[in-house]
file protein_14.txt (compact mmCIF, C-alpha atoms and all ligand atoms)
# COMPACT_ATOMS: atom_id res chain seq x y z
CA MET A 1 -88.69 73.51 60.10
CA SER A 2 -85.15 72.79 58.97
CA ARG A 3 -82.47 74.51 57.05
CA ILE A 4 -81.81 72.28 54.04
CA VAL A 5 -79.03 72.33 51.45
CA LEU A 6 -80.51 71.09 48.17
CA ALA A 7 -78.35 69.82 45.31
CA TYR A 8 -79.87 72.00 42.60
CA SER A 9 -79.40 71.58 38.85
CA GLY A 10 -81.88 74.24 37.76
CA GLY A 11 -83.97 71.67 35.93
CA LEU A 12 -87.65 70.90 36.38
CA ASP A 13 -87.37 68.26 39.11
CA THR A 14 -85.04 70.08 41.46
CA SER A 15 -86.93 73.36 40.91
CA VAL A 16 -90.16 71.65 41.98
CA LEU A 17 -88.34 70.16 44.97
CA LEU A 18 -87.01 73.56 45.96
CA LYS A 19 -90.54 74.99 46.00
CA LYS A 20 -91.97 71.98 47.82
CA LEU A 21 -89.33 72.05 50.55
CA ILE A 22 -90.02 75.75 51.09
CA ALA A 23 -93.77 75.05 51.16
CA GLU A 24 -93.10 72.54 53.99
CA GLY A 25 -91.77 75.49 55.97
CA ASN A 26 -88.04 74.90 55.47
CA GLU A 27 -85.28 77.30 54.61
CA VAL A 28 -83.50 76.08 51.52
CA VAL A 29 -79.95 76.77 50.34
CA ALA A 30 -79.49 75.80 46.68
CA LEU A 31 -76.16 74.25 45.76
CA THR A 32 -75.05 73.90 42.14
CA ALA A 33 -71.76 72.28 41.17
CA ASP A 34 -69.89 73.13 38.00
CA LEU A 35 -68.37 69.81 36.96
CA GLY A 36 -67.44 70.91 33.46
CA GLU A 37 -70.53 69.56 31.77
CA SER A 38 -70.96 72.56 29.49
CA ASP A 39 -67.29 72.79 28.53
CA ALA A 40 -67.67 69.77 26.31
CA SER A 41 -71.06 70.62 24.87
CA THR A 42 -70.39 74.30 24.18
CA ALA A 43 -67.16 73.48 22.44
CA LEU A 44 -68.93 71.05 20.09
CA SER A 45 -71.25 72.45 17.51
CA THR A 46 -73.53 69.47 18.05
CA GLY A 47 -73.91 70.45 21.71
CA SER A 48 -77.27 71.25 23.21
CA SER A 49 -75.86 73.97 25.40
CA SER A 50 -76.64 77.56 24.56
CA GLY A 51 -73.31 79.26 25.07
CA ASP A 52 -71.29 80.63 27.93
CA PRO A 53 -71.12 78.08 30.80
CA ALA A 54 -70.51 80.75 33.45
CA ALA A 55 -73.57 82.74 32.34
CA GLU A 56 -75.68 79.58 32.34
CA LEU A 57 -74.68 78.78 35.91
CA GLU A 58 -75.36 82.33 37.03
CA HIS A 59 -78.81 81.94 35.50
CA VAL A 60 -79.36 78.76 37.56
CA ARG A 61 -78.28 80.60 40.72
CA LYS A 62 -80.67 83.50 40.06
CA LYS A 63 -83.48 81.06 39.34
CA ALA A 64 -83.02 79.40 42.76
CA LEU A 65 -83.16 82.77 44.48
CA ALA A 66 -86.23 83.79 42.49
CA LEU A 67 -87.95 80.56 43.61
CA GLY A 68 -87.34 81.48 47.23
CA ALA A 69 -84.01 79.93 48.25
CA ILE A 70 -82.47 81.86 51.17
CA ASP A 71 -79.12 81.45 49.47
CA ALA A 72 -77.83 79.95 46.24
CA VAL A 73 -74.25 78.98 45.57
CA VAL A 74 -72.52 77.81 42.43
CA LEU A 75 -69.22 76.09 43.06
CA ASP A 76 -66.67 75.65 40.30
CA VAL A 77 -65.26 72.28 41.34
CA ARG A 78 -63.85 71.21 37.98
CA GLU A 79 -60.23 71.06 39.14
CA ARG A 80 -61.15 69.38 42.41
CA PHE A 81 -63.20 66.82 40.51
CA VAL A 82 -60.26 66.05 38.24
CA ASN A 83 -57.62 65.88 40.96
CA GLU A 84 -59.53 64.08 43.70
CA TYR A 85 -61.84 61.82 41.68
CA VAL A 86 -61.00 61.53 37.97
CA TYR A 87 -57.22 61.10 38.25
CA PRO A 88 -57.38 58.46 41.00
CA ALA A 89 -59.92 56.61 38.83
CA LEU A 90 -57.65 56.97 35.80
CA ARG A 91 -54.76 55.43 37.73
CA ALA A 92 -57.13 52.52 38.42
CA ASN A 93 -58.17 52.32 34.72
CA ALA A 94 -61.63 52.38 36.25
CA LYS A 95 -64.40 51.05 34.03
CA TYR A 96 -67.49 49.42 35.51
CA GLN A 97 -67.99 45.93 34.17
CA GLY A 98 -65.03 46.66 31.94
CA VAL A 99 -66.98 49.19 29.89
CA TYR A 100 -68.34 52.34 31.60
CA PRO A 101 -65.75 54.89 32.77
CA LEU A 102 -67.93 55.88 35.76
CA SER A 103 -68.48 59.54 34.91
CA ALA A 104 -71.71 59.95 36.87
CA ALA A 105 -70.54 57.60 39.61
CA LEU A 106 -67.39 59.66 40.28
CA SER A 107 -69.27 62.93 40.57
CA ARG A 108 -71.76 61.84 43.22
CA PRO A 109 -69.42 61.48 46.19
CA LEU A 110 -68.09 64.95 45.39
CA ILE A 111 -71.64 66.31 45.33
CA GLY A 112 -72.18 64.58 48.68
CA ALA A 113 -69.04 66.25 50.05
CA LEU A 114 -70.16 69.65 48.76
CA LEU A 115 -73.58 69.20 50.39
CA VAL A 116 -71.89 68.45 53.71
CA GLU A 117 -69.45 71.35 53.44
CA THR A 118 -72.23 73.76 52.50
CA ALA A 119 -74.42 72.48 55.34
CA HIS A 120 -71.59 73.13 57.76
CA GLY A 121 -71.01 76.59 56.29
CA THR A 122 -74.66 77.63 56.47
CA GLY A 123 -75.73 75.92 59.69
CA ALA A 124 -78.08 73.50 57.90
CA ASP A 125 -79.06 70.23 59.58
CA THR A 126 -80.36 68.50 56.46
CA VAL A 127 -79.22 67.91 52.89
CA ALA A 128 -81.46 66.90 49.99
CA HIS A 129 -81.13 65.73 46.41
CA GLY A 130 -83.38 64.99 43.45
CA CYS A 131 -82.52 61.33 42.87
CA THR A 132 -85.28 58.77 42.62
CA GLY A 133 -85.50 55.52 44.56
CA LYS A 134 -84.51 53.40 41.56
CA GLY A 135 -81.08 54.60 40.70
CA ASN A 136 -77.49 54.44 41.83
CA ASP A 137 -77.02 58.11 42.50
CA GLN A 138 -79.11 58.25 45.69
CA VAL A 139 -76.84 55.56 47.16
CA ARG A 140 -73.64 57.36 46.16
CA ILE A 141 -74.67 60.77 47.48
CA GLU A 142 -76.12 59.51 50.74
CA LEU A 143 -73.24 57.17 51.55
CA ALA A 144 -70.81 60.04 51.00
CA VAL A 145 -72.86 62.29 53.29
CA ARG A 146 -73.03 59.59 55.92
CA ALA A 147 -69.29 58.94 55.76
CA LEU A 148 -68.47 62.62 56.14
CA ASP A 149 -71.08 63.64 58.73
CA PRO A 150 -73.34 60.93 60.14
CA HIS A 151 -75.32 63.57 62.08
CA LEU A 152 -76.67 65.29 59.00
CA LYS A 153 -80.08 64.21 57.83
CA ALA A 154 -80.29 63.26 54.14
CA ARG A 155 -83.58 63.57 52.29
CA ALA A 156 -84.63 62.36 48.86
CA PRO A 157 -88.05 63.95 48.32
CA LEU A 158 -88.57 62.12 45.02
CA ARG A 159 -88.19 58.87 46.91
CA GLU A 160 -90.64 60.04 49.58
CA HIS A 161 -93.18 61.07 46.91
CA PRO A 162 -92.35 59.96 43.36
CA LEU A 163 -93.25 62.68 40.88
CA SER A 164 -94.40 61.98 37.33
CA ARG A 165 -93.36 64.30 34.53
CA PRO A 166 -96.92 65.61 33.96
CA ASP A 167 -97.37 66.24 37.70
CA ALA A 168 -94.06 68.10 37.82
CA MET A 169 -95.13 70.23 34.83
CA ALA A 170 -98.50 70.97 36.44
CA TYR A 171 -96.86 71.91 39.74
CA ALA A 172 -94.40 74.16 37.90
CA ALA A 173 -97.21 75.94 36.04
CA GLU A 174 -99.16 76.43 39.26
CA HIS A 175 -96.19 77.80 41.22
CA GLY A 176 -94.60 80.04 38.62
CA ILE A 177 -91.57 77.85 37.98
CA PRO A 178 -90.17 78.75 34.58
CA VAL A 179 -89.83 75.71 32.34
CA LYS A 180 -87.77 75.86 29.17
CA HIS A 181 -90.17 75.56 26.25
CA THR A 182 -87.97 73.27 24.24
CA ALA A 183 -89.33 70.16 22.59
CA GLU A 184 -89.74 67.64 25.37
CA LYS A 185 -86.44 65.93 26.04
CA PRO A 186 -86.94 62.25 25.36
CA TYR A 187 -83.97 61.24 27.55
CA SER A 188 -82.63 61.59 31.05
CA ILE A 189 -79.17 63.11 30.78
CA ASP A 190 -76.33 63.50 33.23
CA ALA A 191 -72.98 64.97 32.26
CA ASN A 192 -69.67 66.19 33.57
CA LEU A 193 -66.22 66.51 32.06
CA TRP A 194 -65.57 62.73 32.35
CA GLY A 195 -68.62 61.77 30.30
CA ARG A 196 -72.27 62.09 29.45
CA SER A 197 -74.92 59.48 30.21
CA ILE A 198 -78.19 59.08 28.39
CA GLU A 199 -81.07 56.97 29.69
CA ALA A 200 -84.79 56.39 29.30
CA GLY A 201 -87.21 56.92 26.42
CA ILE A 202 -86.65 54.62 23.48
CA LEU A 203 -83.34 53.45 25.03
CA GLU A 204 -85.26 51.45 27.62
CA ASP A 205 -85.55 48.68 25.02
CA PRO A 206 -82.07 47.17 24.66
CA TRP A 207 -83.02 46.03 21.16
CA SER A 208 -83.55 49.60 19.88
CA ALA A 209 -80.44 51.16 18.46
CA PRO A 210 -79.66 54.55 20.03
CA PRO A 211 -80.95 57.28 17.69
CA GLU A 212 -78.40 59.90 16.60
CA ASP A 213 -80.24 62.54 18.65
CA ALA A 214 -79.19 60.76 21.85
CA TYR A 215 -75.62 61.92 21.23
CA ALA A 216 -74.33 65.44 21.80
CA TRP A 217 -70.58 65.09 22.25
CA THR A 218 -69.68 62.57 19.56
CA ALA A 219 -70.09 62.89 15.81
CA GLY A 220 -72.09 60.25 13.99
CA PRO A 221 -70.67 58.14 11.17
CA ASP A 222 -71.71 60.67 8.52
CA ALA A 223 -70.21 63.66 10.28
CA ARG A 224 -66.72 62.42 11.12
CA PRO A 225 -63.61 63.82 9.41
CA ARG A 226 -62.16 61.59 6.70
CA GLU A 227 -58.63 62.31 7.89
CA ALA A 228 -57.33 60.92 11.17
CA ASP A 229 -55.82 63.06 13.91
CA GLU A 230 -52.88 61.93 15.95
CA ILE A 231 -52.17 63.16 19.47
CA VAL A 232 -49.42 62.52 21.97
CA ILE A 233 -50.46 62.20 25.59
CA HIS A 234 -47.84 62.68 28.26
CA PHE A 235 -48.40 61.08 31.65
CA GLU A 236 -46.44 61.99 34.75
CA GLY A 237 -46.84 59.68 37.72
CA GLY A 238 -49.97 58.10 36.28
CA VAL A 239 -51.82 61.33 35.62
CA LEU A 240 -52.24 63.48 32.55
CA SER A 241 -49.47 66.03 32.26
CA SER A 242 -49.77 67.41 28.74
CA LEU A 243 -51.48 66.83 25.43
CA ASN A 244 -49.84 67.48 22.12
CA PHE A 245 -52.36 67.83 19.35
CA GLY A 246 -49.71 68.05 16.62
CA SER A 247 -51.06 69.85 13.61
CA VAL A 248 -54.58 69.93 15.01
CA ALA A 249 -56.01 73.25 16.15
CA PRO A 250 -54.51 73.79 19.61
CA TYR A 251 -57.56 73.74 21.81
CA ALA A 252 -56.65 75.31 25.13
CA ARG A 253 -53.05 74.38 24.47
CA ASP A 254 -51.68 76.89 26.93
CA ASP A 255 -54.12 75.93 29.64
CA ARG A 256 -52.46 72.98 31.34
CA SER A 257 -55.12 72.50 34.00
CA GLY A 258 -56.52 68.98 34.03
CA ALA A 259 -60.08 70.15 33.39
CA ALA A 260 -59.03 72.21 30.37
CA MET A 261 -57.02 69.37 28.85
CA ILE A 262 -59.84 66.88 29.36
CA ALA A 263 -62.34 69.34 27.85
CA ALA A 264 -60.07 69.80 24.83
CA LEU A 265 -59.70 66.06 24.39
CA ASN A 266 -63.48 65.59 24.64
CA VAL A 267 -63.85 67.96 21.71
CA LEU A 268 -61.17 66.44 19.52
CA ALA A 269 -61.98 62.78 20.17
CA GLY A 270 -65.71 63.57 20.07
CA LYS A 271 -65.31 65.05 16.60
CA HIS A 272 -64.05 61.65 15.44
CA GLY A 273 -66.94 59.87 17.13
CA VAL A 274 -64.70 58.23 19.74
CA GLY A 275 -66.21 57.16 23.07
CA ARG A 276 -69.73 55.97 22.30
CA ILE A 277 -70.74 53.24 24.73
CA ASP A 278 -73.95 51.23 24.83
CA MET A 279 -74.38 48.66 27.58
CA VAL A 280 -76.73 46.78 29.82
CA GLU A 281 -75.35 47.25 33.31
CA ASP A 282 -76.12 46.02 36.80
CA ARG A 283 -77.36 48.73 39.12
CA VAL A 284 -76.48 48.82 42.82
CA ILE A 285 -80.06 48.06 43.80
CA GLY A 286 -80.03 44.87 41.76
CA MET A 287 -81.87 45.63 38.53
CA LYS A 288 -80.34 45.74 35.07
CA SER A 289 -80.61 48.88 32.98
CA ARG A 290 -79.64 49.89 29.50
CA GLU A 291 -77.31 52.87 29.42
CA VAL A 292 -75.75 54.87 26.65
CA TYR A 293 -72.67 56.98 27.30
CA GLU A 294 -70.41 59.36 25.50
CA ALA A 295 -66.98 59.58 27.05
CA PRO A 296 -64.45 60.63 24.41
CA ALA A 297 -61.66 61.85 26.71
CA ALA A 298 -62.15 59.08 29.27
CA THR A 299 -62.03 56.43 26.53
CA VAL A 300 -58.78 57.78 25.10
CA LEU A 301 -57.11 58.42 28.45
CA VAL A 302 -57.88 55.06 30.04
CA LEU A 303 -56.66 53.32 26.88
CA ALA A 304 -53.46 55.38 26.85
CA HIS A 305 -52.83 55.00 30.56
CA GLN A 306 -53.30 51.26 30.45
CA THR A 307 -50.96 51.00 27.48
CA LEU A 308 -48.25 52.92 29.30
CA GLU A 309 -48.67 50.75 32.39
CA ARG A 310 -48.02 47.66 30.26
CA LEU A 311 -44.68 49.12 29.25
CA VAL A 312 -43.44 50.15 32.69
CA LEU A 313 -44.99 47.86 35.30
CA THR A 314 -43.75 44.36 36.07
CA ARG A 315 -45.77 41.33 35.08
CA ASP A 316 -46.75 40.71 38.70
CA GLU A 317 -47.81 44.30 39.25
CA LEU A 318 -49.99 44.14 36.14
CA ARG A 319 -51.60 40.85 37.06
CA PHE A 320 -52.31 41.92 40.61
CA LYS A 321 -53.43 45.40 39.61
CA ALA A 322 -56.01 44.07 37.14
CA SER A 323 -58.05 42.59 39.97
CA CYS A 324 -57.57 45.71 42.10
CA ASP A 325 -58.74 47.85 39.20
CA GLN A 326 -61.90 45.83 38.84
CA LYS A 327 -62.57 46.18 42.57
CA TYR A 328 -61.92 49.91 42.34
CA ALA A 329 -64.55 50.30 39.63
CA GLU A 330 -67.06 48.29 41.63
CA LEU A 331 -66.53 50.31 44.80
CA THR A 332 -66.96 53.52 42.82
CA TYR A 333 -70.08 52.31 41.08
CA ASP A 334 -71.59 50.94 44.27
CA GLY A 335 -71.29 54.23 46.15
CA LEU A 336 -68.41 53.12 48.36
CA TRP A 337 -66.00 55.85 47.25
CA MET A 338 -65.48 56.95 50.85
CA SER A 339 -64.60 53.42 52.00
CA PRO A 340 -61.21 52.55 53.51
CA LEU A 341 -60.61 49.98 50.78
CA ARG A 342 -60.80 52.65 48.11
CA ALA A 343 -58.26 54.72 50.01
CA ALA A 344 -56.02 51.66 50.37
CA LEU A 345 -56.23 50.94 46.64
CA ASP A 346 -55.33 54.57 45.96
CA ALA A 347 -52.19 54.10 48.03
CA PHE A 348 -51.29 50.99 46.02
CA ASN A 349 -51.95 52.82 42.76
CA ALA A 350 -49.90 55.81 43.87
CA SER A 351 -46.97 53.49 44.50
CA SER A 352 -47.07 51.78 41.10
CA ALA A 353 -47.84 55.12 39.42
CA SER A 354 -44.46 56.46 40.43
CA ARG A 355 -43.10 54.84 37.24
CA VAL A 356 -46.11 55.54 35.01
CA THR A 357 -44.44 58.44 33.24
CA GLY A 358 -44.11 58.60 29.47
CA ASP A 359 -45.78 59.30 26.15
CA VAL A 360 -48.54 57.52 24.33
CA ARG A 361 -49.41 58.34 20.72
CA VAL A 362 -53.06 57.80 19.81
CA ARG A 363 -54.74 57.95 16.44
CA LEU A 364 -58.35 59.14 16.35
CA HIS A 365 -60.35 58.10 13.33
CA GLN A 366 -63.89 57.06 12.46
CA GLY A 367 -65.05 56.19 15.95
CA SER A 368 -61.86 54.48 17.08
CA ALA A 369 -58.95 55.46 19.25
CA THR A 370 -55.89 53.37 18.44
CA VAL A 371 -52.54 53.48 20.16
CA THR A 372 -49.74 53.81 17.59
CA GLY A 373 -46.79 54.22 19.92
CA VAL A 374 -45.62 54.26 23.52
CA ARG A 375 -42.33 55.27 25.16
CA SER A 376 -41.00 55.89 28.64
CA SER A 377 -37.68 56.30 30.42
CA PHE A 378 -39.08 53.72 32.88
CA ALA A 379 -39.80 51.18 30.14
CA LEU A 380 -39.05 47.61 31.16
CA TYR A 381 -39.04 46.72 27.48
CA GLU A 382 -35.53 45.71 26.35
CA GLU A 383 -35.09 45.49 22.63
CA SER A 384 -31.74 43.64 22.78
CA LEU A 385 -33.49 40.83 24.65
CA VAL A 386 -36.56 40.55 22.50
CA THR A 387 -35.08 41.17 19.05
CA TYR A 388 -35.05 38.57 16.28
CA GLY A 389 -32.62 40.79 14.39
CA HIS A 390 -28.89 41.41 14.93
CA GLY A 391 -27.51 42.05 18.41
CA ASP A 392 -29.57 39.45 20.24
CA ALA A 393 -28.37 39.59 23.87
CA PHE A 394 -30.57 36.83 25.21
CA ASP A 395 -29.05 33.53 26.34
CA HIS A 396 -31.30 31.01 24.60
CA HIS A 397 -29.87 28.10 26.61
CA ALA A 398 -31.24 29.60 29.81
CA ALA A 399 -34.75 28.70 28.63
CA ASP A 400 -33.94 25.00 28.62
CA GLY A 401 -33.45 24.71 32.38
CA PHE A 402 -36.37 27.00 32.98
CA ILE A 403 -38.74 24.80 31.03
CA ARG A 404 -37.56 21.69 32.91
CA LEU A 405 -38.28 23.20 36.30
CA HIS A 406 -41.43 24.99 35.22
CA GLY A 407 -42.80 21.65 34.01
CA LEU A 408 -41.68 19.61 37.02
CA PRO A 409 -45.18 19.52 38.61
CA LEU A 410 -46.56 18.21 35.32
CA ASP A 411 -43.92 15.46 35.27
CA LEU A 412 -44.89 14.48 38.80
CA VAL A 413 -48.53 14.23 37.85
CA ALA A 414 -47.69 12.19 34.77
CA ARG A 415 -45.65 9.78 36.92
CA VAL A 416 -48.65 9.08 39.13
CA GLY A 417 -50.45 7.76 36.06
CA ASN A 418 -47.46 5.90 34.72
CA ARG A 419 -44.84 4.74 37.26
CA SER A 420 -42.41 3.73 34.57
CA LEU A 421 -41.85 7.37 33.48
CA ASP A 422 -38.62 8.88 34.69
CA PHE A 423 -38.09 12.50 35.64
CA ALA A 424 -37.26 13.89 32.26
CA SER A 425 -37.11 17.34 33.71
CA LEU A 426 -34.39 16.51 36.22
CA ARG A 427 -32.26 14.20 34.15
CA SER A 428 -28.95 15.89 33.59
CA GLY A 429 -27.24 16.30 30.26
N1 LIG B 1 -76.02 54.49 34.99
C1 LIG B 1 -75.04 55.47 35.26
C2 LIG B 1 -74.51 55.34 36.65
O1 LIG B 1 -75.17 54.77 37.46
C3 LIG B 1 -75.49 56.89 34.93
C4 LIG B 1 -76.59 57.46 35.75
C5 LIG B 1 -76.73 58.91 35.46
N2 LIG B 1 -78.06 59.43 35.34
C6 LIG B 1 -78.71 59.75 34.19
N3 LIG B 1 -79.79 60.43 34.30
N4 LIG B 1 -78.31 59.43 33.02
O2 LIG B 1 -73.44 55.77 36.98
call {"tool": "encode", "arguments": {"input": "protein_14.txt", "output": "structure tokens", "more": "lines below"}}
Ligand code: ARG
result
Amino acid sequence: MSRIVLAYSGGLDTSVLLKKLIAEGNEVVALTADLGESDASTALSTGSSSGDPAAELEHVRKKALALGAIDAVVLDVRERFVNEYVYPALRANAKYQGVYPLSAALSRPLIGALLVETAHGTGADTVAHGCTGKGNDQVRIELAVRALDPHLKARAPLREHPLSRPDAMAYAAEHGIPVKHTAEKPYSIDANLWGRSIEAGILEDPWSAPPEDAYAWTAGPDARPREADEIVIHFEGGVLSSLNFGSVAPYARDDRSGAAMIAALNVLAGKHGVGRIDMVEDRVIGMKSREVYEAPAATVLVLAHQTLERLVLTRDELRFKASCDQKYAELTYDGLWMSPLRAALDAFNASSASRVTGDVRVRLHQGSATVTGVRSSFALYEESLVTYGHGDAFDHHAADGFIRLHGLPLDLVARVGNRSLDFASLRSG
């Protein structure tokens, strides 16, 4: 018999797991994390969520207790998620394979950390989760647990005994687990404030276009406003500092918390259909899978952040950072969030971010987010140098010597092929 902390969503699978772990003779503490998933879906009329996020989570907590958990906790970790996971990833412009903003991937190490903290707080020796043996999330949660407390045992009961949907339903019926009598969900969904991922069902064929009913946060082509909206995003030290929606209804305008601003941006950009992603990606365990995502706020913010970086960072910083950013996304995807390299890259990003302060204006319209302006007091852009108009301050003659020396290696190579060539680049006058 163990005391086990179970990552509990309230859905069918984790409810069955809760019962099964108790039936094995264990004491189970249910842990549910509020990562802002419902903030985006409740705010959108297209959302599948039923209403008040806090009430929904309280319902999940009560359900765990009713199923026999010795304790059930719901932790509102939205701000922690933003500050410790989303913002560092934003500074790294993190997109896996250049496309997916890593919403699910960023949440899993936090869930791992919460499992460990709750285990320590309740005297549990084991943590458990509902991931299967095929996905990335098992790797991410368990590597986080191992990094934080190698003595804790981590269990994945669905890996020990894979459970089919019909078997889960039968078990639920037999053991009095309430199952929502909605039309059977054709997809596997995961969501938090950084994005929503949709898998399985008809999407398993990469040739089938995602049906409109796969989307809940982004409006389809027929439902988008005809008029564009323009917003101004202010970054301070590489993180979001304020959003100015202009004439648009001021969603949560006076709530400057990161989670509230991101939720508001999900709603506004989602209304314009911004942030739909459809990709075949490479999973940690080696297989390819087809994934559909909706990440309106992440799409806009990474675009805006990257645009501001181009204005304020030096050429060498940008070139070097591009490869670091790719590595950052890979570490995050591969479950190595807790690795020393990720921490080292954060330190590098924090250093360059000290000048990533400024405004980016973004136009949202018909599925696209387009930058229409950028400004910063740290801008390295110098109009008097670049202008073709009056007041050109650039010394054009300086380029002549530069080109000679820049091309010197090419002259040397050419001379090997033709000894009669002279060093054009070094000839004076
Ligand atoms: N493929 C994504 C990732 O590995 C999303 C996985 C989330 N799970 C889901 N049921 N959609 O990060």
call {"tool": "closest_residue", "arguments": {"input": "protein_14.txt", "among": "A:Gly36, A:Gly401, A:Gly176, A:Gly358", "to": "Phe235 of chain A", "atoms": "only C-alpha atoms"}}
result
A:Gly358
call {"tool": "residues_near_ligand", "arguments": {"input": "protein_14.txt", "ligand": "ligand LIG 1 (chain B)", "cutoff": "7 Å", "atoms": "all atoms listed in the file", "output": "list in words"}}
result
Leu102, Ser103, Ala104, Ala105, Gly135, Asn136, Asp137, Ser188, Ile189, Asp190, Ser197, Ile198, Glu199, Arg283, Glu291 and Tyr333 of chain A
call {"tool": "write_last_selection", "arguments": {"input": "protein_14.txt", "atoms": "C-alpha atoms", "output": "CSV table (one decimal), in the coordinates of the input"}}
result
chain,number,residue,atom,x,y,z
A,102,LEU,CA,-67.9,55.9,35.8
A,103,SER,CA,-68.5,59.5,34.9
A,104,ALA,CA,-71.7,60.0,36.9
A,105,ALA,CA,-70.5,57.6,39.6
A,135,GLY,CA,-81.1,54.6,40.7
A,136,ASN,CA,-77.5,54.4,41.8
A,137,ASP,CA,-77.0,58.1,42.5
A,188,SER,CA,-82.6,61.6,31.0
A,189,ILE,CA,-79.2,63.1,30.8
A,190,ASP,CA,-76.3,63.5,33.2
A,197,SER,CA,-74.9,59.5,30.2
A,198,ILE,CA,-78.2,59.1,28.4
A,199,GLU,CA,-81.1,57.0,29.7
A,283,ARG,CA,-77.4,48.7,39.1
A,291,GLU,CA,-77.3,52.9,29.4
A,333,TYR,CA,-70.1,52.3,41.1
call {"tool": "closest_residue", "arguments": {"input": "protein_14.txt", "among": "A:Ser368, A:Arg355, A:Val292, A:Asp125", "to": "Ala228 of chain A", "atoms": "all atoms listed in the file"}}
result
A:Ser368
call {"tool": "residues_around", "arguments": {"input": "protein_14.txt", "residues": "Ser289 of chain A", "least_positions_apart": "5", "cutoff": "10 Å", "atoms": "all atoms listed in the file", "output": "list in words"}}
result
Gly135, Glu199, Ala200, Leu203, Glu204, Asp205, Pro206, Met279, Val280, Glu281, Asp282 and Arg283 of chain A
call {"tool": "closest_atom_pairs", "arguments": {"input": "protein_14.txt", "of": "segment 295-384 of chain A", "to": "segment 83-93 of chain A", "cutoff": "9 Å", "atoms": "all atoms listed in the file", "output": "Markdown table"}}
result
| residue | atom | partner | partner_atom | distance |
| --- | --- | --- | --- | --- |
| A:Ala298 | CA | A:Leu90 | CA | 8.2 |
| A:Leu301 | CA | A:Leu90 | CA | 7.5 |
| A:Val302 | CA | A:Asn93 | CA | 5.4 |
| A:Leu303 | CA | A:Asn93 | CA | 8.0 |
| A:His305 | CA | A:Asn93 | CA | 7.3 |
| A:Gln306 | CA | A:Asn93 | CA | 6.6 |
| A:Lys321 | CA | A:Ala92 | CA | 8.1 |
| A:Ala322 | CA | A:Ala92 | CA | 8.6 |
| A:Cys324 | CA | A:Ala92 | CA | 7.8 |
| A:Asp325 | CA | A:Ala92 | CA | 5.0 |
| A:Gln326 | CA | A:Ala92 | CA | 8.2 |
| A:Tyr328 | CA | A:Ala92 | CA | 6.7 |
| A:Ala329 | CA | A:Ala92 | CA | 7.8 |
| A:Thr332 | CA | A:Ala89 | CA | 8.7 |
| A:Leu345 | CA | A:Ala92 | CA | 8.4 |
| A:Asp346 | CA | A:Pro88 | CA | 6.6 |
| A:Asn349 | CA | A:Arg91 | CA | 6.3 |
| A:Ala350 | CA | A:Arg91 | CA | 7.8 |
| A:Ala353 | CA | A:Arg91 | CA | 7.1 |
call {"tool": "residues_around", "arguments": {"input": "protein_14.txt", "residues": "Val139 of chain A", "least_positions_apart": "6", "cutoff": "12 Å", "atoms": "only C-alpha atoms", "output": "PDB file with C-alpha atoms, keeping the file's coordinate frame"}}
result
ATOM      1  CA  ALA A 105     -70.540  57.600  39.610  1.00  0.00           C
ATOM      2  CA  ARG A 108     -71.760  61.840  43.220  1.00  0.00           C
ATOM      3  CA  PRO A 109     -69.420  61.480  46.190  1.00  0.00           C
ATOM      4  CA  GLY A 112     -72.180  64.580  48.680  1.00  0.00           C
ATOM      5  CA  HIS A 129     -81.130  65.730  46.410  1.00  0.00           C
ATOM      6  CA  CYS A 131     -82.520  61.330  42.870  1.00  0.00           C
ATOM      7  CA  THR A 132     -85.280  58.770  42.620  1.00  0.00           C
ATOM      8  CA  GLY A 133     -85.500  55.520  44.560  1.00  0.00           C
ATOM      9  CA  VAL A 145     -72.860  62.290  53.290  1.00  0.00           C
ATOM     10  CA  ARG A 146     -73.030  59.590  55.920  1.00  0.00           C
ATOM     11  CA  ALA A 147     -69.290  58.940  55.760  1.00  0.00           C
ATOM     12  CA  ALA A 154     -80.290  63.260  54.140  1.00  0.00           C
ATOM     13  CA  ARG A 155     -83.580  63.570  52.290  1.00  0.00           C
ATOM     14  CA  ALA A 156     -84.630  62.360  48.860  1.00  0.00           C
ATOM     15  CA  ARG A 159     -88.190  58.870  46.910  1.00  0.00           C
ATOM     16  CA  ARG A 283     -77.360  48.730  39.120  1.00  0.00           C
ATOM     17  CA  VAL A 284     -76.480  48.820  42.820  1.00  0.00           C
ATOM     18  CA  ILE A 285     -80.060  48.060  43.800  1.00  0.00           C
ATOM     19  CA  LEU A 331     -66.530  50.310  44.800  1.00  0.00           C
ATOM     20  CA  THR A 332     -66.960  53.520  42.820  1.00  0.00           C
ATOM     21  CA  TYR A 333     -70.080  52.310  41.080  1.00  0.00           C
ATOM     22  CA  ASP A 334     -71.590  50.940  44.270  1.00  0.00           C
ATOM     23  CA  GLY A 335     -71.290  54.230  46.150  1.00  0.00           C
ATOM     24  CA  LEU A 336     -68.410  53.120  48.360  1.00  0.00           C
ATOM     25  CA  TRP A 337     -66.000  55.850  47.250  1.00  0.00           C
TER      26      TRP A 337
END
call {"tool": "atom_distance", "arguments": {"input": "protein_14.txt", "atom1": "atom CA of Glu37 of chain A", "atom2": "atom CA of Trp217 of chain A"}}
result
10.5 Å
call {"tool": "residues_around", "arguments": {"input": "protein_14.txt", "residues": "Ser15 of chain A", "least_positions_apart": "3", "cutoff": "10 Å", "atoms": "all atoms listed in the file", "output": "list in words"}}
result
Leu6, Tyr8, Ser9, Gly10, Gly11, Leu12, Leu18, Lys19, Lys20, Ala30, Val60, Lys63, Ala64, Leu67, Gly130, Ala168, Ala172, Ile177, Pro178 and Val179 of chain A
